[in-house]
Structures are given as C-alpha cells and as structure tokens.
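Student: Quick one: the structure is below, questions incoming.
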Amino acid sequence: MKTFLLLAGFFLTSLANAEPRYTFQQRTEPRPLRIHVLKVDLTAGDCTLDLVIAPDPDGAGPAEAELEKPADLVNQPDIVAAINANSFGEVPAPPPGTHPDWRVHLPVDIGGWAKNTREQRSLPQPGFWNFWIDPDNRPHIGDLKEPVPDARLAIAGFNPLVVDGKNVNPEDGQRHPRTAIGFDEAGKTLVMVVVDGRQRGFSEGMSSHELAGLMQELGCHNAINLDGGGTSIMFATDAGHLKIVNSPSQDGTRPTPVMLVVRKLAAAATGH
C-alpha cells in the first residue's frame with residue numbers, strides 16, 4: 001500500500017447522538033488529491049441506509065429509471081448524507097462511438113442490483129459486484145448471479161477493492177474520480193468514499209489499486225468500487241444543511257438514476 005502525505009484537513013460533521021461522520025483530507029503525494037469520507041455506525045440505531053431511485057419512465061419497457069439531478073433525488077428532510085451508487089446506460093443504446101448525452105429525464109438501464117425496502121428495480125448482472133444489507137443490518141459484498149432473497153437494500157458497483165482484508169486490484173495506472181463503499185471486519189462501521197479527480201493540480205484521481213489501499217487505510221475489511229468519473233458525488237450535512245462536499249469533475253453535476261442515502265430516524269423511533 002502506498003504511503004500518502006496528509007497536508008490538511010480534518011472536518012467533522014456529527015449528528016446528534018449518531019453518525020454519519022464526514023472527514024476531508026487534502027493530500028500532496030503521490031499527486032494532489034482531495035478525499036471525502038463518510039463513516040456510519042450501523043449499530044447506532046439513529047440512522048438507516050436507503051436507496052433513492054428515480055422514476056421508471058416506461059413501466060414494463062426496457063428502461064429501468066430516468067436520470068435526475070442528484071440534489072433533487074436527495075431533497076428530503078430526513079436525508080443527512082448521500083453518495084452516488086450504480087452505473088447506468090442510455091436506453092436505447094447510442095450508436096457505437098457516440099458519447100451519451102447525460103441529461104435529466106434520459107431513460108437508462110441501471111447497472112446491476114438496485115433494491116430498497118419498497119421495490120427491486122434492477123437485478124444482479126454479470127460484471128458487477130454487489131453490496132447489500134441483511135435484515136440484521138449487517139453489510140455484505142459479493143459477486144452474485146441471483147438476488148439474496150432477504151436483503152433489505154442492495155446496490156452494485158464494478159470490481160471488488162478489498163476482499164477479506166486483501167487488496168485485490170493490480171496497479172493499472174488508470175486514475176479517475178472514484179466512489180467506493182466498504183465496511184470493517186466486524187460489520188459495524190460503514191465507510192463511503194469519494195475521491196475527486198480529473199482536475200490537474202487540484203485533485204487528479206486514483207487508480208482502483210490506490211483506492212483499495214485507501215479503503216484498507218480507513219479500516220475496511222471488504223469494499224467495492226462504485227460508479228466514478230463525472231458521476232462521483234457526496235452530500236453531507238454542515239450546520240444543519242445538506243450540501244455537496246466534493247468537487248465533481250465536470251461543470252455542474254451529472255444526473256444519475258440512484259443515490260445511496262443515510263436517513264436520520266425520528267427521535268420517537270429511536271427513543272432519543
């Protein structure tokens with residue numbers, strides 16, 4: 001695992017009696033990097049994970065969702081943190097060699113498993129690793145052919161980063177903005193990370209090997225690589241207001257069909 005120089009920063013956002021905790025790091029080695037970390041105590045009982053999925057524009061048709069602005073998807077009073085999750089593809093697929101026009105309301109296919117307590121919008125697919133939460137609120141990752149029947153929440157990413165404590169990614173030198181999710185060996189602490197990238201001299205991104213090393217550094221025993229690039233985005237609560245805390249790599253923010261969110265439970269439900 002590479003050693004990074006921490007230049008600055010520590011910023012903490014805490015909720016009353018609970019997680020999530022947001023921290024920011026600015027590093028200068030091996031290149032300029034801006035790293036955003038959310039940690040959630042899955043045993044605290046004050047917050048819960050959820051998946052917000054944009055509307056399905058064609059019902060039984062080929063599209064599974066449409067693109068929406070991330071800020072619109074998370075604009076709910078009980079959401080206190082969020083990151084982007086699954087990748088997506090335009091429906092119908094554009095001609096070969098054509099770059100998709102990622103615009104609001106564009107019909108898309110969701111990459112891999114996408115489920116919350118209300119619906120299962122997309123099933124596990126080859127080429128995607130999955131993260132899910134079981135009925136006991138314990139996290140898991142795995143390469144699945146079929147959905148786990150009792151999972152209460154599920155998202156999908158690309159490659160695994162850390163499996164049973166081991167960095168499973170060779171170095172390929174491909175440095176991009178990144179989003180990742182992982183958890184500690186006890187399955188009690190959830191770690192969500194966004195690394196800004198494609199911004200020369202400001203934050204230049206990480207390879208998946210470096211990202212896996214970062215997740216190990218942050219205490220993850222298992223972790224997967226979620227959708228990255230221009231879609232990487234993180235929201236956290238600062239002074240009571242939910243806001244974007246990272247610097248997306250494109251002008252504005254890319255619309256997306258799904259956001260993994262942290263909801264603060266009502267005091268009456270938690271006994272606080």
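Identifiers in this document derive from the order of the structure tokens: chains are assigned A, B, ..., residues are numbered from 1 separately in each chain, and ligands are numbered from 1 in order of occurrence.
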Please provide the set of residues having any atom within 10 Å of A:Ser207, restricted to only C-alpha atoms, with same-chain residues fewer than 4 positions apart removed, written as a PyMOL selection string.
Tutor: chain A and resi 169-178+211-213
Student: Hey, can you spit out that residue selection with N, CA, C and O atoms as a CSV table (one decimal), in the first residue's frame?
Tutor:
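What landed in out-v5.csv:
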chain,number,residue,atom,x,y,z
A,169,ASN,N,-6.7,-5.6,-6.3
A,169,ASN,CA,-6.5,-4.9,-7.6
A,169,ASN,C,-5.1,-4.7,-7.9
A,169,ASN,O,-4.3,-4.1,-7.2
A,170,PRO,N,-4.6,-5.2,-9.1
A,170,PRO,CA,-3.3,-4.8,-9.6
A,170,PRO,C,-3.3,-3.4,-10.0
A,170,PRO,O,-4.3,-2.8,-10.3
A,171,GLU,N,-2.1,-2.8,-10.0
A,171,GLU,CA,-2.0,-1.4,-10.4
A,171,GLU,C,-2.0,-1.3,-11.9
A,171,GLU,O,-1.3,-1.9,-12.6
A,172,ASP,N,-3.0,-0.4,-12.4
A,172,ASP,CA,-3.1,-0.3,-13.9
A,172,ASP,C,-2.9,1.2,-14.3
A,172,ASP,O,-2.9,1.5,-15.5
A,173,GLY,N,-2.7,2.1,-13.3
A,173,GLY,CA,-2.3,3.4,-13.7
A,173,GLY,C,-3.5,4.3,-14.2
A,173,GLY,O,-3.3,5.4,-14.5
A,174,GLN,N,-4.7,3.7,-14.2
A,174,GLN,CA,-5.9,4.5,-14.6
A,174,GLN,C,-6.5,5.3,-13.5
A,174,GLN,O,-7.1,4.8,-12.6
A,175,ARG,N,-6.2,6.6,-13.5
A,175,ARG,CA,-6.6,7.5,-12.4
A,175,ARG,C,-7.8,8.3,-12.7
A,175,ARG,O,-7.8,9.0,-13.7
A,176,HIS,N,-8.8,8.2,-11.9
A,176,HIS,CA,-10.1,8.8,-12.2
A,176,HIS,C,-10.7,9.3,-10.9
A,176,HIS,O,-10.3,8.9,-9.8
A,177,PRO,N,-11.8,10.1,-11.0
A,177,PRO,CA,-12.6,10.3,-9.8
A,177,PRO,C,-13.2,9.0,-9.4
A,177,PRO,O,-13.5,8.1,-10.2
A,178,ARG,N,-13.4,8.8,-8.1
A,178,ARG,CA,-13.8,7.5,-7.6
A,178,ARG,C,-14.8,7.6,-6.5
A,178,ARG,O,-14.8,8.5,-5.7
A,211,LEU,N,-7.2,3.1,-4.6
A,211,LEU,CA,-8.4,3.3,-3.9
A,211,LEU,C,-8.6,2.1,-2.9
A,211,LEU,O,-9.1,2.4,-1.8
A,212,ALA,N,-8.3,0.9,-3.3
A,212,ALA,CA,-8.3,-0.2,-2.4
A,212,ALA,C,-7.4,0.0,-1.2
A,212,ALA,O,-7.8,-0.3,-0.1
A,213,GLY,N,-6.2,0.5,-1.5
A,213,GLY,CA,-5.3,0.8,-0.3
A,213,GLY,C,-5.9,1.9,0.6
A,213,GLY,O,-5.7,1.8,1.8
Student: Could you list, with a cut-off of 10 Å and counting only C-alpha atoms, the residues of stretch 141-174 of chain A near stretch 105-113 of chain A, each shown with its nearest atom pair and the distance in Å rounded to one decimal, rows sorted by chain and ascending number, as a tab-separated table?
Tutor:
residue	atom	partner	partner_atom	distance
A:Leu144	CA	A:Trp113	CA	9.3
A:Glu146	CA	A:Trp113	CA	9.3
A:Pro147	CA	A:Trp113	CA	7.6
A:Leu153	CA	A:Trp113	CA	9.4
A:Ala154	CA	A:Trp113	CA	6.2
A:Ile155	CA	A:Trp113	CA	5.3
A:Ala156	CA	A:Gly112	CA	5.1
A:Gly157	CA	A:Gly112	CA	7.4
A:Phe158	CA	A:Gly112	CA	9.0
Student: What would the file look like if the residues just selected were written as a PDB file, in the first residue's frame with N, CA and C atoms?
Tutor:
ATOM      1  N   LEU A 144     -22.740 -11.957  -7.392  1.00  0.00           N
ATOM      2  CA  LEU A 144     -23.955 -12.764  -7.344  1.00  0.00           C
ATOM      3  C   LEU A 144     -24.553 -12.984  -8.724  1.00  0.00           C
ATOM      4  N   GLU A 146     -27.867 -14.306  -8.602  1.00  0.00           N
ATOM      5  CA  GLU A 146     -29.256 -14.102  -8.230  1.00  0.00           C
ATOM      6  C   GLU A 146     -29.313 -13.205  -6.998  1.00  0.00           C
ATOM      7  N   PRO A 147     -30.399 -12.466  -6.797  1.00  0.00           N
ATOM      8  CA  PRO A 147     -30.505 -11.631  -5.602  1.00  0.00           C
ATOM      9  C   PRO A 147     -30.605 -12.470  -4.326  1.00  0.00           C
ATOM     10  N   LEU A 153     -31.643  -3.928   1.310  1.00  0.00           N
ATOM     11  CA  LEU A 153     -31.105  -2.857   0.468  1.00  0.00           C
ATOM     12  C   LEU A 153     -29.946  -3.431  -0.321  1.00  0.00           C
ATOM     13  N   ALA A 154     -29.814  -3.017  -1.577  1.00  0.00           N
ATOM     14  CA  ALA A 154     -28.700  -3.508  -2.393  1.00  0.00           C
ATOM     15  C   ALA A 154     -28.342  -2.488  -3.463  1.00  0.00           C
ATOM     16  N   ILE A 155     -27.035  -2.377  -3.731  1.00  0.00           N
ATOM     17  CA  ILE A 155     -26.516  -1.595  -4.844  1.00  0.00           C
ATOM     18  C   ILE A 155     -25.435  -2.417  -5.526  1.00  0.00           C
ATOM     19  N   ALA A 156     -24.997  -1.977  -6.683  1.00  0.00           N
ATOM     20  CA  ALA A 156     -23.952  -2.687  -7.417  1.00  0.00           C
ATOM     21  C   ALA A 156     -22.867  -1.717  -7.848  1.00  0.00           C
ATOM     22  N   GLY A 157     -21.643  -2.233  -7.853  1.00  0.00           N
ATOM     23  CA  GLY A 157     -20.501  -1.496  -8.362  1.00  0.00           C
ATOM     24  C   GLY A 157     -19.765  -2.333  -9.389  1.00  0.00           C
ATOM     25  N   PHE A 158     -18.564  -1.924  -9.684  1.00  0.00           N
ATOM     26  CA  PHE A 158     -17.768  -2.650 -10.663  1.00  0.00           C
ATOM     27  C   PHE A 158     -16.938  -3.722  -9.955  1.00  0.00           C
TER      28      PHE A 158
END
Student: Which residues, written as a PyMOL selection string, have at least one atom at most 12 Å from stretch 215-220 of chain A, with only C-alpha atoms counted and residues fewer than 5 positions away on the same chain left out?
Tutor: chain A and resi 1-4+23+25+35-39+139-141+160-168+178-195+206+208-210+225
Student: List the spatial neighbours of stretch 64-76 of chain A as a ChimeraX atom specification - criterion: any atom at most 10 Å away, only C-alpha atoms, same-chain residues fewer than 5 positions off excluded.
Tutor: /A:51-59,81-84,88,90-91,102-111,121-122,231,233-235,242-244,252-263
Student: Write out as a PyMOL selection string all residues of stretch 30-214 of chain A that DSSP puts in strand (DSSP E) for this structure's backbone.
Tutor: chain A and resi 33-41+47-53+65-66+79-84+88-90+107-110+114-115+120-122+129-133+139-142+153-157+160-163+166-167+178-183+189-195
